[in-house]
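Source file: model_10.pdb (PDB, C-alpha atoms)
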ATOM      1  CA  MET A 114       8.388  32.877 -14.468
ATOM      2  CA  ALA A 115       7.767  34.635 -17.803
ATOM      3  CA  ALA A 116       4.377  32.947 -18.162
ATOM      4  CA  ALA A 117       2.904  34.805 -15.182
ATOM      5  CA  VAL A 118       4.077  38.331 -15.987
ATOM      6  CA  ARG A 119       1.271  39.479 -18.308
ATOM      7  CA  MET A 120      -2.401  38.632 -17.661
ATOM      8  CA  PRO A 121      -4.410  39.051 -20.888
ATOM      9  CA  SER A 122      -7.984  37.756 -20.668
ATOM     10  CA  ALA A 123      -8.219  35.402 -23.643
ATOM     11  CA  ASN A 124      -4.834  35.518 -25.316
ATOM     12  CA  GLN A 125      -3.235  32.492 -26.731
ATOM     13  CA  PRO A 126       0.374  31.814 -25.785
ATOM     14  CA  LYS A 127       3.000  33.059 -28.177
ATOM     15  CA  SER A 128       5.544  30.279 -27.732
ATOM     16  CA  MET A 129       6.128  27.013 -26.012
ATOM     17  CA  THR A 130       9.330  25.482 -24.683
ATOM     18  CA  ARG A 131      10.170  22.123 -23.202
ATOM     19  CA  PRO A 132      12.149  22.149 -19.975
ATOM     20  CA  THR A 133      15.176  19.953 -19.477
ATOM     21  CA  ARG A 134      15.521  20.175 -15.710
ATOM     22  CA  TRP A 135      13.025  20.089 -12.892
ATOM     23  CA  SER A 136      12.059  23.232 -11.018
ATOM     24  CA  ASP A 137       9.013  24.600  -9.195
ATOM     25  CA  VAL A 138       7.724  26.133 -12.417
ATOM     26  CA  VAL A 139       7.969  22.788 -14.205
ATOM     27  CA  GLU A 140       6.157  21.070 -11.312
ATOM     28  CA  GLU A 141       3.376  23.646 -11.485
ATOM     29  CA  ALA A 142       2.998  23.223 -15.245
ATOM     30  CA  TYR A 143       3.022  19.419 -14.884
ATOM     31  CA  ARG A 144       0.202  19.500 -12.347
ATOM     32  CA  PHE A 145      -1.989  21.713 -14.511
ATOM     33  CA  GLN A 146      -1.312  19.690 -17.625
ATOM     34  CA  ILE A 147      -2.195  16.431 -15.895
ATOM     35  CA  ALA A 148      -5.607  17.960 -15.195
ATOM     36  CA  GLY A 149      -6.043  18.971 -18.838
ATOM     37  CA  TYR A 150      -5.094  22.676 -18.781
ATOM     38  CA  ARG A 151      -2.140  24.490 -20.282
ATOM     39  CA  ASP A 152      -1.323  26.433 -17.134
ATOM     40  CA  GLU A 153      -2.848  28.521 -14.352
ATOM     41  CA  ILE A 154      -4.101  31.231 -16.736
ATOM     42  CA  GLU A 155      -6.215  28.810 -18.719
ATOM     43  CA  TYR A 156      -7.473  27.162 -15.533
ATOM     44  CA  ARG A 157      -8.725  30.488 -14.212
ATOM     45  CA  GLU A 158     -10.412  31.306 -17.507
ATOM     46  CA  VAL A 159     -12.147  27.950 -17.851
ATOM     47  CA  GLN A 160     -13.205  27.561 -14.227
ATOM     48  CA  LYS A 161     -13.980  31.270 -13.828
ATOM     49  CA  THR A 162     -12.282  31.422 -10.482
ATOM     50  CA  ASP A 163      -9.251  33.157  -9.014
ATOM     51  CA  HIS A 164      -8.691  30.643  -6.291
ATOM     52  CA  VAL A 165      -6.401  27.656  -6.695
ATOM     53  CA  ASP A 166      -6.013  25.287  -3.737
ATOM     54  CA  ARG A 167      -2.386  25.099  -2.731
ATOM     55  CA  TRP A 168      -0.351  23.405  -0.030
ATOM     56  CA  PRO A 169       0.486  25.981   2.641
ATOM     57  CA  HIS A 170       4.072  24.917   3.270
ATOM     58  CA  ASN A 171       5.473  25.126  -0.235
ATOM     59  CA  GLY A 172       2.807  26.599  -2.514
ATOM     60  CA  TYR A 173       2.403  23.560  -4.787
ATOM     61  CA  VAL A 174      -1.015  22.954  -6.289
ATOM     62  CA  LYS A 175      -3.148  20.792  -4.014
ATOM     63  CA  LYS A 176      -6.457  20.365  -5.783
ATOM     64  CA  LEU A 177      -7.753  21.116  -9.254
ATOM     65  CA  VAL A 178     -11.164  20.786 -10.839
ATOM     66  CA  ARG A 179     -11.183  19.076 -14.198
ATOM     67  CA  ARG A 180     -13.285  20.205 -17.131
ATOM     68  CA  ASP A 181     -15.801  17.406 -16.466
ATOM     69  CA  GLY A 182     -16.234  18.420 -12.818
ATOM     70  CA  CYS A 183     -14.074  15.738 -11.212
ATOM     71  CA  PHE A 184     -11.333  16.591  -8.749
ATOM     72  CA  TYR A 185      -7.655  15.826  -8.888
ATOM     73  CA  TYR A 186      -5.605  15.849  -5.715
ATOM     74  CA  TYR A 187      -1.850  16.264  -5.660
ATOM     75  CA  ASN A 188       0.894  15.327  -3.186
ATOM     76  CA  ARG A 189       2.718  17.693  -0.869
ATOM     77  CA  THR A 190       6.058  16.847  -2.425
ATOM     78  CA  ARG A 191       7.335  16.691  -5.960
ATOM     79  CA  GLU A 192       5.177  14.583  -8.281
ATOM     80  CA  CYS A 193       6.713  15.175 -11.675
ATOM     81  CA  PRO A 194       8.931  12.196 -12.458
ATOM     82  CA  ASP A 195      12.172  12.697 -14.390
ATOM     83  CA  LYS A 196      10.703  10.923 -17.409
ATOM     84  CA  GLN A 197       7.921  13.483 -17.730
ATOM     85  CA  ILE A 198      10.054  16.620 -17.433
ATOM     86  CA  ASN A 199      10.693  16.928 -21.158
ATOM     87  CA  LYS A 200       7.063  16.134 -21.945
ATOM     88  CA  THR A 201       5.843  19.071 -19.905
ATOM     89  CA  LYS A 202       5.182  22.298 -21.796
ATOM     90  CA  LEU A 203       6.065  25.782 -20.589
ATOM     91  CA  TYR A 204       4.056  28.490 -22.371
ATOM     92  CA  GLU A 205       5.018  32.143 -22.805
ATOM     93  CA  TYR A 206       2.616  34.952 -23.541
TER      94      TYR A 206
ATOM     95  CA  MET B  72     -10.200 -60.199   7.118
ATOM     96  CA  MET B  73     -10.950 -56.909   5.377
ATOM     97  CA  LYS B  74      -8.149 -54.427   5.703
ATOM     98  CA  THR B  75      -9.402 -50.925   6.321
ATOM     99  CA  LYS B  76      -8.020 -48.245   4.119
ATOM    100  CA  GLN B  77      -8.177 -45.632   6.847
ATOM    101  CA  GLN B  78      -4.731 -44.811   8.137
ATOM    102  CA  GLN B  79      -3.692 -43.005  11.258
ATOM    103  CA  PRO B  80      -2.502 -39.603  10.149
ATOM    104  CA  CYS B  81       0.692 -39.558  12.175
ATOM    105  CA  ILE B  82       2.055 -42.922  11.067
ATOM    106  CA  ASN B  83       2.654 -43.596   7.389
ATOM    107  CA  LYS B  84       2.313 -47.100   6.132
ATOM    108  CA  VAL B  85       5.775 -48.356   5.375
ATOM    109  CA  LYS B  86       6.082 -51.225   2.989
ATOM    110  CA  LEU B  87       9.158 -53.173   3.861
ATOM    111  CA  PRO B  88      10.429 -55.930   1.587
ATOM    112  CA  GLY B  89       8.344 -58.967   2.416
ATOM    113  CA  LYS B  90       6.569 -57.416   5.403
ATOM    114  CA  MET B  91       3.643 -55.018   5.743
ATOM    115  CA  VAL B  92       3.491 -52.862   8.824
ATOM    116  CA  ASN B  93       0.001 -52.884  10.253
ATOM    117  CA  PRO B  94      -1.129 -49.262  10.436
ATOM    118  CA  ARG B  95      -3.323 -49.969  13.439
ATOM    119  CA  GLU B  96      -0.324 -50.893  15.564
ATOM    120  CA  LYS B  97       1.229 -47.981  17.369
ATOM    121  CA  VAL B  98       4.870 -48.166  16.432
ATOM    122  CA  PRO B  99       7.052 -46.408  19.011
ATOM    123  CA  PHE B 100       9.078 -43.528  17.641
ATOM    124  CA  THR B 101      12.433 -45.171  18.386
ATOM    125  CA  GLN B 102      11.398 -48.216  16.398
ATOM    126  CA  GLN B 103      10.147 -46.025  13.590
ATOM    127  CA  VAL B 104      13.547 -44.388  13.320
ATOM    128  CA  ASP B 105      15.209 -47.813  13.240
ATOM    129  CA  ILE B 106      12.894 -49.042  10.515
ATOM    130  CA  TYR B 107      13.866 -46.202   8.200
ATOM    131  CA  ASP B 108      17.558 -46.394   8.950
ATOM    132  CA  ARG B 109      17.856 -50.132   8.675
ATOM    133  CA  ASN B 110      16.148 -50.231   5.319
ATOM    134  CA  ASN B 111      17.746 -47.090   3.857
ATOM    135  CA  ILE B 112      14.411 -45.444   3.330
ATOM    136  CA  THR B 113      14.344 -41.650   3.469
ATOM    137  CA  LYS B 114      12.391 -40.417   6.424
ATOM    138  CA  PRO B 115       9.280 -38.459   5.548
ATOM    139  CA  GLU B 116       9.525 -34.757   6.285
ATOM    140  CA  PRO B 117       7.169 -33.340   8.894
ATOM    141  CA  PRO B 118       4.240 -31.588   7.193
ATOM    142  CA  LEU B 119       4.628 -27.881   6.422
ATOM    143  CA  ALA B 120       2.954 -25.516   8.870
ATOM    144  CA  GLY B 121       2.197 -23.016   6.115
ATOM    145  CA  ALA B 122       3.451 -19.844   7.810
ATOM    146  CA  PHE B 123       4.686 -18.402   4.518
ATOM    147  CA  LYS B 124       1.965 -19.887   2.346
ATOM    148  CA  GLU B 125      -0.140 -17.301   0.536
ATOM    149  CA  ARG B 126      -3.804 -17.372   1.470
ATOM    150  CA  ASN B 127      -6.719 -16.239  -0.625
ATOM    151  CA  THR B 128      -9.215 -13.906   0.918
ATOM    152  CA  GLY B 129     -12.071 -14.631  -1.476
ATOM    153  CA  GLY B 130     -14.086 -11.652  -2.665
ATOM    154  CA  THR B 131     -13.635  -8.409  -0.779
ATOM    155  CA  SER B 132     -16.373  -5.886  -0.230
ATOM    156  CA  PHE B 133     -14.229  -3.357  -2.102
ATOM    157  CA  LYS B 134     -14.618  -5.388  -5.289
ATOM    158  CA  LYS B 135     -18.361  -5.683  -4.781
ATOM    159  CA  PHE B 136     -18.829  -1.951  -4.266
ATOM    160  CA  TYR B 137     -16.543  -1.134  -7.165
ATOM    161  CA  GLU B 138     -18.566  -3.323  -9.533
ATOM    162  CA  ARG B 139     -21.753  -1.639  -8.347
ATOM    163  CA  GLY B 140     -20.295   1.811  -8.924
ATOM    164  CA  ASP B 141     -20.746   2.969  -5.327
ATOM    165  CA  PHE B 142     -17.425   4.735  -5.114
ATOM    166  CA  PRO B 143     -17.182   8.453  -5.891
ATOM    167  CA  ILE B 144     -14.437   7.765  -8.402
ATOM    168  CA  ALA B 145     -14.547   8.554 -12.101
ATOM    169  CA  LEU B 146     -13.647   5.325 -13.826
ATOM    170  CA  GLU B 147     -11.827   5.994 -17.016
ATOM    171  CA  HIS B 148      -8.790   4.798 -18.856
ATOM    172  CA  ASP B 149      -7.091   7.968 -19.975
ATOM    173  CA  THR B 150      -5.870   9.150 -16.614
ATOM    174  CA  LYS B 151      -2.304  10.295 -16.871
ATOM    175  CA  GLY B 152       0.198  10.134 -14.075
ATOM    176  CA  ASN B 153      -1.438   7.451 -11.959
ATOM    177  CA  LYS B 154      -4.154   9.587 -10.469
ATOM    178  CA  ILE B 155      -7.740   8.976  -9.472
ATOM    179  CA  ALA B 156     -10.324  11.527 -10.519
ATOM    180  CA  TRP B 157     -12.742  12.012  -7.627
ATOM    181  CA  LYS B 158     -16.361  12.856  -8.391
ATOM    182  CA  VAL B 159     -16.880  14.279  -4.914
ATOM    183  CA  GLU B 160     -14.430  16.350  -2.921
ATOM    184  CA  ILE B 161     -12.531  14.183  -0.453
ATOM    185  CA  GLU B 162     -13.203  16.688   2.328
ATOM    186  CA  LYS B 163     -16.925  16.015   1.986
ATOM    187  CA  LEU B 164     -16.684  12.218   2.047
ATOM    188  CA  ASP B 165     -17.938  10.162   4.974
ATOM    189  CA  TYR B 166     -14.682   8.642   6.191
ATOM    190  CA  HIS B 167     -16.460   6.149   8.466
ATOM    191  CA  HIS B 168     -18.014   4.543   5.434
ATOM    192  CA  TYR B 169     -15.400   4.863   2.706
ATOM    193  CA  LEU B 170     -12.033   4.552   4.429
ATOM    194  CA  PRO B 171     -12.599   0.994   5.753
ATOM    195  CA  LEU B 172     -13.867  -0.006   2.301
ATOM    196  CA  PHE B 173     -10.733   1.269   0.605
ATOM    197  CA  PHE B 174      -8.569  -0.462   3.194
ATOM    198  CA  ASP B 175     -10.462  -3.657   2.439
ATOM    199  CA  GLY B 176      -9.340  -3.338  -1.155
ATOM    200  CA  LEU B 177      -5.683  -3.572  -0.164
ATOM    201  CA  CYS B 178      -6.060  -7.395  -0.311
ATOM    202  CA  GLU B 179      -6.721  -7.198  -4.030
ATOM    203  CA  THR B 180      -3.973  -8.098  -6.463
ATOM    204  CA  CYS B 181      -5.698  -7.614  -9.829
ATOM    205  CA  HIS B 182      -5.849  -4.443 -11.852
ATOM    206  CA  PRO B 183      -7.768  -2.091 -11.576
ATOM    207  CA  TYR B 184      -8.935  -2.949  -8.052
ATOM    208  CA  GLU B 185      -5.423  -2.898  -6.675
ATOM    209  CA  PHE B 186      -4.628   0.492  -8.211
ATOM    210  CA  PHE B 187      -7.848   2.190  -7.088
ATOM    211  CA  ALA B 188      -7.608   0.824  -3.550
ATOM    212  CA  ARG B 189      -3.989   1.878  -3.140
ATOM    213  CA  GLN B 190      -4.387   5.304  -4.691
ATOM    214  CA  GLY B 191      -7.728   5.887  -2.962
ATOM    215  CA  VAL B 192      -6.241   5.130   0.445
ATOM    216  CA  HIS B 193      -3.300   7.392  -0.310
ATOM    217  CA  ASP B 194      -5.514  10.326  -1.316
ATOM    218  CA  MET B 195      -7.874   9.921   1.633
ATOM    219  CA  LEU B 196      -5.007   9.762   4.127
ATOM    220  CA  GLU B 197      -3.284  12.742   2.538
ATOM    221  CA  HIS B 198      -6.348  14.957   2.811
ATOM    222  CA  GLY B 199      -8.175  13.496   5.774
ATOM    223  CA  GLY B 200      -6.739  15.507   8.613
ATOM    224  CA  SER B 201      -8.706  15.084  11.803
ATOM    225  CA  LYS B 202     -11.286  12.803  10.180
ATOM    226  CA  ILE B 203      -8.899   9.844  10.185
ATOM    227  CA  LEU B 204      -8.478   9.386  13.947
ATOM    228  CA  PRO B 205     -12.072   8.331  14.807
ATOM    229  CA  VAL B 206     -12.014   5.685  12.050
ATOM    230  CA  ILE B 207      -8.878   3.851  13.257
ATOM    231  CA  PRO B 208     -10.717   1.023  15.115
ATOM    232  CA  GLN B 209     -12.608   0.154  11.938
ATOM    233  CA  LEU B 210      -9.396  -0.089   9.928
ATOM    234  CA  ILE B 211      -7.761  -2.775  12.039
ATOM    235  CA  ILE B 212      -9.660  -5.757  10.642
ATOM    236  CA  PRO B 213      -8.979  -4.846   6.984
ATOM    237  CA  ILE B 214      -5.298  -4.261   7.808
ATOM    238  CA  LYS B 215      -5.128  -7.617   9.581
ATOM    239  CA  ASN B 216      -6.769  -9.366   6.635
ATOM    240  CA  ALA B 217      -4.369  -7.756   4.196
ATOM    241  CA  LEU B 218      -1.333  -8.800   6.243
ATOM    242  CA  ASN B 219      -2.699 -12.329   6.690
ATOM    243  CA  THR B 220      -2.746 -12.942   2.941
ATOM    244  CA  ARG B 221       1.061 -13.338   3.242
ATOM    245  CA  CYS B 222       1.291 -12.252  -0.370
ATOM    246  CA  HIS B 223       4.486 -10.330  -1.100
ATOM    247  CA  LYS B 224       2.869  -7.568  -3.139
ATOM    248  CA  VAL B 225       0.006  -7.059  -0.712
ATOM    249  CA  LEU B 226       2.437  -7.002   2.203
ATOM    250  CA  CYS B 227       4.572  -4.290   0.583
ATOM    251  CA  THR B 228       1.522  -2.135  -0.195
ATOM    252  CA  THR B 229       0.068  -2.551   3.288
ATOM    253  CA  LEU B 230       3.351  -1.707   4.996
ATOM    254  CA  LYS B 231       3.700   1.493   2.967
ATOM    255  CA  VAL B 232       0.080   2.372   3.793
ATOM    256  CA  LEU B 233       0.768   1.837   7.503
ATOM    257  CA  GLN B 234       3.786   4.131   7.312
ATOM    258  CA  HIS B 235       1.618   6.782   5.689
ATOM    259  CA  LEU B 236      -1.161   6.238   8.232
ATOM    260  CA  VAL B 237       0.955   7.016  11.283
ATOM    261  CA  VAL B 238       2.144  10.318   9.827
ATOM    262  CA  SER B 239      -1.173  11.356   8.296
ATOM    263  CA  ALA B 240      -2.618  13.025  11.369
ATOM    264  CA  GLU B 241      -1.958  13.818  15.003
ATOM    265  CA  MET B 242      -2.338  11.032  17.578
ATOM    266  CA  VAL B 243      -2.905   8.322  14.970
ATOM    267  CA  GLY B 244       0.324   6.575  15.921
ATOM    268  CA  GLU B 245      -0.674   6.487  19.570
ATOM    269  CA  ALA B 246      -4.173   5.323  18.713
ATOM    270  CA  LEU B 247      -2.674   2.293  16.957
ATOM    271  CA  VAL B 248      -0.725   1.085  20.017
ATOM    272  CA  PRO B 249      -3.563  -0.990  21.582
ATOM    273  CA  TYR B 250      -3.960  -2.846  18.275
ATOM    274  CA  TYR B 251      -0.336  -3.917  17.889
ATOM    275  CA  ARG B 252      -1.112  -7.425  19.102
ATOM    276  CA  GLN B 253      -3.472  -7.847  16.165
ATOM    277  CA  ILE B 254      -1.280  -6.522  13.378
ATOM    278  CA  LEU B 255       2.307  -7.214  14.473
ATOM    279  CA  PRO B 256       2.403 -11.070  14.508
ATOM    280  CA  VAL B 257       2.810 -11.179  10.735
ATOM    281  CA  PHE B 258       5.663  -8.655  11.002
ATOM    282  CA  ASN B 259       7.443 -11.170  13.210
ATOM    283  CA  ILE B 260       7.170 -13.869  10.549
ATOM    284  CA  PHE B 261       8.564 -11.802   7.685
ATOM    285  CA  LYS B 262      11.029  -9.605   9.535
ATOM    286  CA  ASN B 263      14.039 -11.599   8.374
ATOM    287  CA  LYS B 264      12.914 -12.019   4.802
ATOM    288  CA  ASN B 265      15.896 -10.334   3.202
ATOM    289  CA  LEU B 266      17.565 -11.410   0.006
ATOM    290  CA  ASN B 267      21.105 -12.613   0.535
ATOM    291  CA  SER B 268      22.612 -11.768  -2.839
ATOM    292  CA  GLY B 269      26.244 -11.600  -1.734
ATOM    293  CA  ASP B 270      27.827  -8.580  -3.384
ATOM    294  CA  GLY B 271      25.161  -8.281  -6.086
ATOM    295  CA  ILE B 272      22.697  -5.421  -6.309
ATOM    296  CA  ASP B 273      19.277  -5.878  -4.753
ATOM    297  CA  TYR B 274      16.959  -3.789  -6.903
ATOM    298  CA  SER B 275      13.998  -4.512  -4.668
ATOM    299  CA  GLN B 276      15.569  -2.261  -2.053
ATOM    300  CA  GLN B 277      15.594   0.667  -4.484
ATOM    301  CA  LYS B 278      11.982   0.116  -5.404
ATOM    302  CA  ARG B 279      11.072  -0.355  -1.740
ATOM    303  CA  GLU B 280       9.918  -3.924  -2.213
ATOM    304  CA  ASN B 281      12.244  -5.700   0.202
ATOM    305  CA  VAL B 282       9.871  -6.947   2.887
ATOM    306  CA  GLY B 283      12.426  -7.187   5.669
ATOM    307  CA  ASP B 284      13.530  -3.572   5.202
ATOM    308  CA  LEU B 285       9.974  -2.326   4.882
ATOM    309  CA  ILE B 286       9.034  -4.002   8.148
ATOM    310  CA  GLN B 287      11.990  -2.368   9.867
ATOM    311  CA  GLU B 288      10.985   1.054   8.499
ATOM    312  CA  THR B 289       7.363   0.542   9.547
ATOM    313  CA  LEU B 290       8.304  -0.499  13.072
ATOM    314  CA  GLU B 291      10.567   2.545  13.362
ATOM    315  CA  ALA B 292       7.686   4.765  12.242
ATOM    316  CA  PHE B 293       5.416   3.103  14.807
ATOM    317  CA  GLU B 294       7.951   3.768  17.522
ATOM    318  CA  ARG B 295       8.578   7.334  16.465
ATOM    319  CA  TYR B 296       4.936   8.339  16.335
ATOM    320  CA  GLY B 297       3.510   5.930  18.891
ATOM    321  CA  GLY B 298       4.404   7.775  22.037
ATOM    322  CA  GLU B 299       6.027   6.400  25.167
ATOM    323  CA  ASP B 300       4.414   2.972  25.277
ATOM    324  CA  ALA B 301       5.059   2.132  21.672
ATOM    325  CA  PHE B 302       8.481   0.554  22.025
ATOM    326  CA  ILE B 303       7.616  -1.848  24.816
ATOM    327  CA  ASN B 304       4.488  -2.999  22.978
ATOM    328  CA  ILE B 305       6.424  -3.545  19.766
ATOM    329  CA  LYS B 306       9.144  -5.429  21.641
ATOM    330  CA  TYR B 307       6.516  -7.697  23.158
ATOM    331  CA  MET B 308       5.258  -8.731  19.737
ATOM    332  CA  VAL B 309       8.520  -8.536  17.759
ATOM    333  CA  PRO B 310      11.265  -9.449  20.237
ATOM    334  CA  THR B 311      14.151  -8.969  17.794
ATOM    335  CA  TYR B 312      13.285  -5.320  17.145
ATOM    336  CA  GLU B 313      15.758  -2.780  18.544
ATOM    337  CA  SER B 314      14.792   0.767  19.353
ATOM    338  CA  CYS B 315      15.728   3.546  16.960
ATOM    339  CA  MET B 316      15.138   6.282  19.526
ATOM    340  CA  LEU B 317      16.453   5.149  22.877
ATOM    341  CA  ASN B 318      20.037   4.287  21.977
TER     342      ASN B 318
END

Taking this structure as input, can you express it in the form of structure tokens?
Amino acid sequence: MAAAVRMPSANQPKSMTRPTRWSDVVEEAYRFQIAGYRDEIEYREVQKTDHVDRWPHNGYVKKLVRRDGCFYYYNRTRECPDKQINKTKLYEY
Amino acid sequence: MMKTKQQQPCINKVKLPGKMVNPREKVPFTQQVDIYDRNNITKPEPPLAGAFKERNTGGTSFKKFYERGDFPIALEHDTKGNKIAWKVEIEKLDYHHYLPLFFDGLCETCHPYEFFARQGVHDMLEHGGSKILPVIPQLIIPIKNALNTRCHKVLCTTLKVLQHLVVSAEMVGEALVPYYRQILPVFNIFKNKNLNSGDGIDYSQQKRENVGDLIQETLEAFERYGGEDAFINIKYMVPTYESCMLN
């Protein structure tokens, strides 16, 4: 959870790692990256909003707005397939 | 005397050595059997009924609307992860108009129609909530048409959609019970379509493409979420189904 500790307004990430195993953090990063963002910080900056739609029972992202205004909807359960785990990027600030 | 070429459909003209059988004569069945046996001619097979034959639906209205661009879907080719990008929020869509159209597209087998119909139905059921229940009567005809194609791929997709439908919202399973006699006959035909591969591995089971198993799962979901009357109605249409809840 190192990516969420500091909240600078327009800072670029200092480093990037590739995960090797699935976890909730990886799932979160996968969902944002599918929609074209690095992570939640960039999403909030670009969309100028603090609210991210999440599923109530497990906190996974439910809906995101893309940069062109279209909407992406996500499943209640895990969506990140095993093949995509090492293609997901985890940023640290 | 001119011989007519028209033949009675139930009696084939049999040319025996040296003797022509007049097709206008009604040959009794017992004599027909003798004719074939005595002359060592293989008996013709009865014509196929076509229960398993795949049927084409022709153009669906889903394809027509898709070509016209009436769907609130962003059509692009760089979508990652098998997702549809929706131009309008699903919560604001008119389910009475769009959900039956997407269900209509389940009959499609070509890309991209098949992908958009399947994914569109999945997204709308996932986020529909209470808007799904009032639309159920309008979904029955598209579901019936999809099942009647008897196409393996369409059957698998439709069965998975039905499993999702009954869990998507409250009371949907019970609302489907009166329509079992319209959608379950095809289940009866394909229920035993399992691959007998001996001790080999059946990969279609892993990928959830074994029709017999999918039908069993779907019927169990119907029974689980269909309320008290579900089992007896299923048993009426699919007599070989055994309850997963009562025993």

For the interface of chain A with chain B (cut-off 8 Å, counting all atoms listed in the file), please tabulate each contacting residue of chain A alongside its nearest pair of atoms and their separation in Å to one decimal, rows sorted by chain and increasing number, as a Markdown table.
| residue | atom | partner | partner_atom | distance |
| --- | --- | --- | --- | --- |
| A:Ile147 | CA | B:Lys151 | CA | 6.2 |
| A:Gly182 | CA | B:Lys158 | CA | 7.1 |
| A:Cys183 | CA | B:Lys158 | CA | 4.6 |
| A:Phe184 | CA | B:Trp157 | CA | 4.9 |
| A:Tyr185 | CA | B:Ala156 | CA | 5.3 |
| A:Tyr186 | CA | B:Asp194 | CA | 7.1 |
| A:Asn188 | CA | B:Glu197 | CA | 7.5 |

* Skip A:Ala142 itself and residues of its chain fewer than 6 positions away, then list as a ChimeraX atom specification all residues within 8 Å of it, counting only C-alpha atoms. => /A:151-153,201-203

* Applied to this file, what does the PyMOL selection byres ((chain A and resi 163-165) around 8) return in terms of residues, put as a PyMOL selection string? -> chain A and resi 157+161-162+166-167+174+176-177

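The set of residues that the PyMOL selection byres ((chain B and resi 258) around 10) takes from this file is B:Leu218, B:Leu226, B:Leu230, B:Ile254, B:Leu255, B:Pro256, B:Val257, B:Asn259, B:Ile260, B:Phe261, B:Lys262, B:Asn263, B:Val282, B:Gly283, B:Leu285, B:Ile286, B:Gln287, B:Thr289, B:Leu290, B:Met308, B:Val309.
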
Selected residues written out with C-alpha atoms, as a compact mmCIF listing (two decimals), in the frame of the given file:
# COMPACT_ATOMS: atom_id res chain seq x y z
CA LEU B 218 -1.33 -8.80 6.24
CA LEU B 226 2.44 -7.00 2.20
CA LEU B 230 3.35 -1.71 5.00
CA ILE B 254 -1.28 -6.52 13.38
CA LEU B 255 2.31 -7.21 14.47
CA PRO B 256 2.40 -11.07 14.51
CA VAL B 257 2.81 -11.18 10.74
CA ASN B 259 7.44 -11.17 13.21
CA ILE B 260 7.17 -13.87 10.55
CA PHE B 261 8.56 -11.80 7.68
CA LYS B 262 11.03 -9.60 9.54
CA ASN B 263 14.04 -11.60 8.37
CA VAL B 282 9.87 -6.95 2.89
CA GLY B 283 12.43 -7.19 5.67
CA LEU B 285 9.97 -2.33 4.88
CA ILE B 286 9.03 -4.00 8.15
CA GLN B 287 11.99 -2.37 9.87
CA THR B 289 7.36 0.54 9.55
CA LEU B 290 8.30 -0.50 13.07
CA MET B 308 5.26 -8.73 19.74
CA VAL B 309 8.52 -8.54 17.76

Excluding same-chain residues fewer than 4 positions from B:Arg126, what lies within 12 Å of it counting only C-alpha atoms, as a CSV table (one decimal) with C-alpha atoms, in the coordinates of the input?
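Result went into result.csv, see below:
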chain,number,residue,atom,x,y,z
B,121,GLY,CA,2.2,-23.0,6.1
B,122,ALA,CA,3.5,-19.8,7.8
B,178,CYS,CA,-6.1,-7.4,-0.3
B,179,GLU,CA,-6.7,-7.2,-4.0
B,216,ASN,CA,-6.8,-9.4,6.6
B,217,ALA,CA,-4.4,-7.8,4.2
B,218,LEU,CA,-1.3,-8.8,6.2
B,219,ASN,CA,-2.7,-12.3,6.7
B,220,THR,CA,-2.7,-12.9,2.9
B,221,ARG,CA,1.1,-13.3,3.2
B,222,CYS,CA,1.3,-12.3,-0.4
B,223,HIS,CA,4.5,-10.3,-1.1
B,225,VAL,CA,0.0,-7.1,-0.7

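The shortest atom-to-atom distance to B:Lys134, with only C-alpha atoms taken into account, belongs to B:Leu172 out of B:Val192, B:Leu119, B:Leu172, B:Val243.
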
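We find atom CA of B:Thr228 and atom CA of A:Gln197 to be spaced 24.3 Å apart.
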
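Going from atom CA of B:Arg189 over to atom CA of A:Val178, you cover 21.6 Å.
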
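Using all atoms listed in the file, the shortest contact distance between B:Phe293 and any of B:Leu210, B:Leu170, B:Val237, B:Met316 is found at B:Val237.
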
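Taking atom CA of A:Trp135 and atom CA of A:Lys196 as endpoints, the distance between them is 10.5 Å.
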
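Applied to the file shown here, the PyMOL selection byres ((chain A and resi 204) around 7) selects the residues Ala116, Pro126, Ser128, Met129, Thr130, Lys202, Leu203, Glu205 and Tyr206 of chain A.
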
* Structure fact -> Using only C-alpha atoms, the residue out of A:Gly172, A:Asn199, A:Arg179, A:Pro194 with shortest distance to A:Tyr150 is A:Arg179
